[in-house]
Number of protein chains: 4
Amino acid sequence: MGNSNNIRSDVGLNCIQNQKLPVLDGGFVRLVDVMGDDSSIVQAARVSYGEGTKKVSEDRGLIRYLMRHRHTTPFEMCEIKLHVRVPMDCWRQWIRHRTANVNEYSTRYSIAIDAAKTTKPDEWRVQATTNRQGSDGEIDAVQGAHLSERESALHASCREVYAERITAGIAREQARKDLPLSTYTEAYWKIDLHNLLHFLELRMNPLAQHEIRQYANVIGREIVSKWVPLTWEAFLDYRLNAITFSEPELRLLSHIYANSRKDAVNVLLEMGWLKKNENEWKPNREALEFNDKLMRLGVTSLWA
Amino acid sequence: MGNSNNIRSDVGLNCIQNQKLPVLDGGFVRLVDVMGDDSSIVQAARVSYGEGTKKVSEDRGLIRYLMRHRHTTPFEMCEIKLHVRVPMDCWRQWIRHRTANVNEYSTRYSIAIDAAKTTKPDEWRVQATTNRQGSDGEIDAVQGAHLSERESALHASCREVYAERITAGIAREQARKDLPLSTYTEAYWKIDLHNLLHFLELRMNPLAQHEIRQYANVIGREIVSKWVPLTWEAFLDYRLNAITFSEPELRLLSHIYANSRKDAVNVLLEMGWLKKNENEWKPNREALEFNDKLMRLGVTSLWA
Amino acid sequence: MGNSNNIRSDVGLNCIQNQKLPVLDGGFVRLVDVMGDDSSIVQAARVSYGEGTKKVSEDRGLIRYLMRHRHTTPFEMCEIKLHVRVPMDCWRQWIRHRTANVNEYSTRYSIAIDAAKTTKPDEWRVQATTNRQGSDGEIDAVQGAHLSERESALHASCREVYAERITAGIAREQARKDLPLSTYTEAYWKIDLHNLLHFLELRMNPLAQHEIRQYANVIGREIVSKWVPLTWEAFLDYRLNAITFSEPELRLLSHIYANSRKDAVNVLLEMGWLKKNENEWKPNREALEFNDKLMRLGVTSLWA
Amino acid sequence: MGNSNNIRSDVGLNCIQNQKLPVLDGGFVRLVDVMGDDSSIVQAARVSYGEGTKKVSEDRGLIRYLMRHRHTTPFEMCEIKLHVRVPMDCWRQWIRHRTANVNEYSTRYSIAIDAAKTTKPDEWRVQATTNRQGSDGEIDAVQGAHLSERESALHASCREVYAERITAGIAREQARKDLPLSTYTEAYWKIDLHNLLHFLELRMNPLAQHEIRQYANVIGREIVSKWVPLTWEAFLDYRLNAITFSEPELRLLSHIYANSRKDAVNVLLEMGWLKKNENEWKPNREALEFNDKLMRLGVTSLWA
């Protein structure tokens, strides 16, 4: 590729540029090009901040300061272009991030990619009950095997119908209409670093769907971490692994730090986050979320 | 709906608000809400232009001036919210318009809509040969009937597999993965008038895919035309029905006007738009496009 | 105004619509129009979440859930249009929020507004030393009076030069070039609620410049709070008054909770956030920021 | 600069990278970095179009096709970063292009740049009468000299007041408030090629203000033309030098080509574009615009 010399060896990207980093059973992420690196963020920030802080040794501190205080525009000065292969149902989530440039493989102009995301018998996930959104646990092996067989047969039928339409001379734009959502598509995806980090924060989150999380992890941990290591470190500290406490939660924390767990429980009861039916505590969803945060602080549950 | 009183009777929208205007076999467009109308565009433009032009009778002229000269920001002062039901393959094109607000029905949280776009025997379209993108003509009746039957069977299989997964307790986010692209989805879609007109210009175009064109036509001709009639008229005159001539085409037009069709042909030959093999003219794609424009002017082909 | 009937009396906006709410010495914010309210957010969210949660009594809970988990798209379903009068140097900050629609008063077409932000003797602010960005404290009265006089004279000179140029027939686009940045401008500004809350979070922050903070406060506390009261309450709890703790800070909090203030201090020293020169503690900026957060929790400083 | 090796010698950019190309009396445009070139556009387009068109010799044709048919997304795959120095009143227009990344020099953190755009005696422009927007012709020499003197004195006063405030310890964010709009500012400005071409189309237009036009010309003719020469050529042919004819104008052209100038005049009269008072023709603005277009075609005025 003409631009391969764009990427400087010292940032550790050379070894992965143009490699197809595998994701899922048939997808990939391939780094095509980057503009800028950690030093470009510093350079742009200093246009704003003026000449005050100039030492190279201060770059890390400056980047951390920018990340901490959500001074986001300097991070927009870096740009990355990826070539990805993704199941369409995953791509439907991906494309909701609007501040990006996209050229997707067109099944209007071309024959659809002959591959769909398949599911191994042990990969079927059970609907979560506590969280309407996600999935939770795996299905038993026999049923898993059955479902995988059925999936395989359905893929074959879909493909057969597609091929039959194409052979009959049907317009590709119409022939494609019954491809399964799991069919792979490809795209060039170009985005600035600030918006990429926002994408990663949402999509590396455990609540994000399994499939897109795999892509986000590869992009974050295998590409961004090498491309802009200082930014990546700051992102982990101040965003991905940070916790936000709401105003009510801060009030609860105050009581806890003042060693008044009982006061904290009273606040929970007053706010309706916690109820007591006979001898059983009934926390609401917000209380459970707070509990999870307390665990990160090594604080035991207020009511269990 | 709480906001139904938002829409003023005099703009002719009342009769359609909250009606599901049908599109395709199972889709619809429903007007939910609007902000502003033609007068809001004028109001905003006059903040920029100052107090010079104030008569109500001048509104039409001002709107036409703004449209003609691509002064686009006043059109952004109007906003519309639609509720639409669209096949997912059509939605994949729709969502590429990034400057809009979207809330789509989630098959992660909810059971997928049990309807997919079906195709009647006489609705199958043949792949265009001159235009790689689109479709052209219809298939014969027997084959059409066969394809429609096959489509129907495939839809049933897909639905069966989906239902089986749901029954087995598979997470909805995973169960949906093999739904056909023709499955209907729903969304709230909110966009400003400037960006809506851009959408309509692209999607009402005869080269746009048949399905999305049906939606664009309903939005444009049944909703926008009533909502902002002066803007709609200007849009038709200055954008949808306008023609742009490139610099080479302007040169050709000069020769034609000067009654030098021969000079025009020479320019075509020089530019390589036209070739002559033995006694047959071979126009390239750009020449054919120019020919189509000449037809709009009542000018006969330069070479046929 | 034609749209005045758009705004429903029950949301408490009627009393302020079209009123010029004063800001600074000569500016204002005027509510022109809104689309949607709290119920529109709920309506849009339920398209995504499906029919599970339908009771009106659950609206508050749903809005709080959306805010807490940064499900931002339903908030984009509300739109607001303001007419504002702002000093140009303040507007330069305002306009950096890109996801908004703007029509600004044009000094290219029209004579510039004959008013500039003036500063009373007791309004001059001293440059902050600990924070390069902001200001801190006030100047003494005599000097303040002197500076205000000088300002007044300069405004007069600028205006005189401008008037002279206009009289000489100089193009308005050129005549305006030496107007002071404090000159007032006007604009229509239209933005969706999600992006407005982002604007408010940044501009109501004590670190934002005094002038734009006044505008943000009026928009937030006098308009948004009445327009979408449930959203406003959630915004205060989960965003404006929330605190984010970084990963290192969470580690520190754990030690503090475990009553190991000494361990916390050791971590501070290890991370280089704190140094000890002879008998004096030298916290760096990040340590000071952490200290401020501890104060919110009622925890005393780790080193003071 | 670390990235200087990013730019390949064969695209002719090397000679200008990091050079400050002068604009106006004290401004400049400096190329900092690019991502991609003509070949990246082709590469991205072929992801959509599939493998049909592969020969290098077809790149030009493909780029021209994309430009002609407003297939804009492949052009978004190129990105450019500029460092510019611009008077603030010019920057106020520039920043209205929202789809760009910006880091501006902050007079909140730093002392303002000690330079303002000055005007030579022969550079003062007269307010246009036919076009409310722009300027037209120059002022006489004596008056020009007087205005330039006055400008110079005003700049000195403004600077003196600014310096006095800084010396008195006033916060920079407040001290700057009366700087003249002509004060220079600096910024890093990063934008994709599609949006840059849109900027150039608007700002290279003769109706754009003189000052910003100088910047647009330097960016277009000295940088973009070397960076993406095939795209630049297509941009000139299909956008900058193209003409759009509205539906009414197409009707007029038909009559003209059919040698029925009289019919064309009748249409003009019917549409109200032209009036005849006694023996004088009174064309409206739209008729005059049409006349200008006819001149490009070598067609003489319909009424003069």
# chains A, B, ... in the order shown; residues from 1 in each chain; ligands from 1

call {"tool": "closest_atom_pairs", "arguments": {"of": "chain D", "to": "chain C", "cutoff": "8 Å", "atoms": "only C-alpha atoms", "output": "tab-separated table"}}
result
residue	atom	partner	partner_atom	distance
D:Asp89	CA	C:Lys177	CA	6.4
D:Arg92	CA	C:Arg92	CA	7.7
D:Ile95	CA	C:Arg96	CA	8.0
D:Arg96	CA	C:Ile95	CA	8.0
D:Arg98	CA	C:Arg98	CA	5.5
D:Thr99	CA	C:Arg98	CA	7.7
D:Arg108	CA	C:Gln133	CA	6.1
D:Tyr109	CA	C:Gln133	CA	5.2
D:Trp124	CA	C:Ile170	CA	6.7
D:Arg125	CA	C:Ile170	CA	5.6
D:Val126	CA	C:Ile170	CA	4.5
D:Gln127	CA	C:Ala171	CA	3.6
D:Ala128	CA	C:Ala171	CA	6.9
D:Arg132	CA	C:Tyr109	CA	6.0
D:Gln133	CA	C:Tyr109	CA	5.2
D:Gly134	CA	C:Ala171	CA	7.0
D:Ser135	CA	C:Ala171	CA	5.3
D:Asp136	CA	C:Ala171	CA	7.8
D:Ile139	CA	C:Ile170	CA	7.5
D:Leu147	CA	C:Arg165	CA	7.4
D:Arg150	CA	C:Val161	CA	7.2
D:Glu151	CA	C:Val161	CA	7.6
D:Leu154	CA	C:Cys158	CA	7.0
D:His155	CA	C:Asp178	CA	7.9
D:Ser157	CA	C:Leu154	CA	7.3
D:Cys158	CA	C:Leu154	CA	7.0
D:Val161	CA	C:Arg150	CA	7.2
D:Arg165	CA	C:Leu147	CA	7.4
D:Gly169	CA	C:Val126	CA	5.6
D:Ile170	CA	C:Val126	CA	4.5
D:Ala171	CA	C:Gln127	CA	3.6
D:Arg172	CA	C:Gln127	CA	6.5
D:Glu173	CA	C:Gly134	CA	7.1
D:Gln174	CA	C:Arg125	CA	7.3
D:Arg176	CA	C:Leu181	CA	7.8
D:Lys177	CA	C:Ser182	CA	5.2
D:Asp178	CA	C:Pro180	CA	4.5
D:Leu179	CA	C:Pro180	CA	5.3
D:Pro180	CA	C:Pro180	CA	4.4
D:Leu181	CA	C:Asp178	CA	5.2
D:Ser182	CA	C:Lys177	CA	5.2
D:Gln209	CA	C:Glu173	CA	7.5

call {"tool": "select_by_dssp", "arguments": {"residues": "segment 105-215 of chain C", "states": "alpha helix (DSSP H)", "output": "ChimeraX atom specification"}}
result
/C:141-167,172-175,193-203,210-215

call {"tool": "residues_around", "arguments": {"residues": "segment 184-195 of chain C", "least_positions_apart": "5", "cutoff": "8 Å", "atoms": "only C-alpha atoms", "output": "number ranges by chain"}}
result
B: 44, 47, 77; C: 26-27, 72-73, 75-88, 91, 99-105, 112-117

call {"tool": "closest_atom_pairs", "arguments": {"of": "segment 107-219 of chain D", "to": "segment 223-247 of chain D", "cutoff": "8 Å", "atoms": "only C-alpha atoms", "output": "CSV"}}
result
residue,atom,partner,partner_atom,distance
D:Leu197,CA,D:Phe235,CA,7.7
D:Glu201,CA,D:Leu240,CA,5.9
D:Val218,CA,D:Ile223,CA,6.9
D:Ile219,CA,D:Ile223,CA,5.1

call {"tool": "write_last_selection", "arguments": {"atoms": "N, CA and C atoms", "output": "compact mmCIF listing (two decimals), in the first residue's frame"}}
result
# COMPACT_ATOMS: atom_id res chain seq x y z
N LEU D 197 -13.47 20.48 0.37
CA LEU D 197 -13.91 20.94 -0.96
C LEU D 197 -15.18 21.78 -0.84
N GLU D 201 -15.46 25.49 -2.17
CA GLU D 201 -16.48 25.89 -3.13
C GLU D 201 -17.18 27.17 -2.66
N VAL D 218 -5.30 30.04 -1.46
CA VAL D 218 -4.00 29.45 -1.14
C VAL D 218 -4.17 27.96 -0.81
N ILE D 219 -5.17 27.65 -0.02
CA ILE D 219 -5.38 26.24 0.34
C ILE D 219 -5.70 25.41 -0.90

call {"tool": "residues_around", "arguments": {"residues": "Arg296 of chain B", "least_positions_apart": "4", "cutoff": "9 Å", "atoms": "only C-alpha atoms", "output": "compact mmCIF listing (two decimals) with N, CA and C atoms, in the first residue's frame"}}
result
# COMPACT_ATOMS: atom_id res chain seq x y z
N ASN B 291 -25.98 13.66 -23.05
CA ASN B 291 -27.10 13.48 -23.98
C ASN B 291 -28.45 13.56 -23.25
N ASP B 292 -28.51 12.92 -22.09
CA ASP B 292 -29.75 12.96 -21.31
C ASP B 292 -30.10 14.40 -20.93
N LEU D 250 -34.04 26.12 -17.24
CA LEU D 250 -33.97 25.10 -18.27
C LEU D 250 -35.04 25.34 -19.34
N ARG D 251 -36.21 25.77 -18.87
CA ARG D 251 -37.27 26.09 -19.83
C ARG D 251 -36.84 27.24 -20.75
N SER D 254 -34.34 26.04 -23.30
CA SER D 254 -34.98 25.29 -24.39
C SER D 254 -35.44 26.24 -25.48

call {"tool": "atom_distance", "arguments": {"atom1": "atom CA of Leu274 of chain A", "atom2": "atom CA of Tyr257 of chain C"}}
result
22.6 Å

call {"tool": "atom_distance", "arguments": {"atom1": "atom CA of Asn217 of chain A", "atom2": "atom CA of Asn205 of chain A"}}
result
9.7 Å

call {"tool": "atom_distance", "arguments": {"atom1": "atom CA of Leu297 of chain A", "atom2": "atom CA of Leu253 of chain C"}}
result
6.6 Å

call {"tool": "select_by_dssp", "arguments": {"residues": "segment 92-175 of chain D", "states": "strand (DSSP E)", "output": "MDAnalysis selection string"}}
result
chainID D and resid 101:104 125:127 135:138

call {"tool": "closest_residue", "arguments": {"among": "D:Asp122, D:Glu278, D:Trp94, D:Leu302", "to": "His255 of chain D", "atoms": "only C-alpha atoms"}}
result
D:Leu302
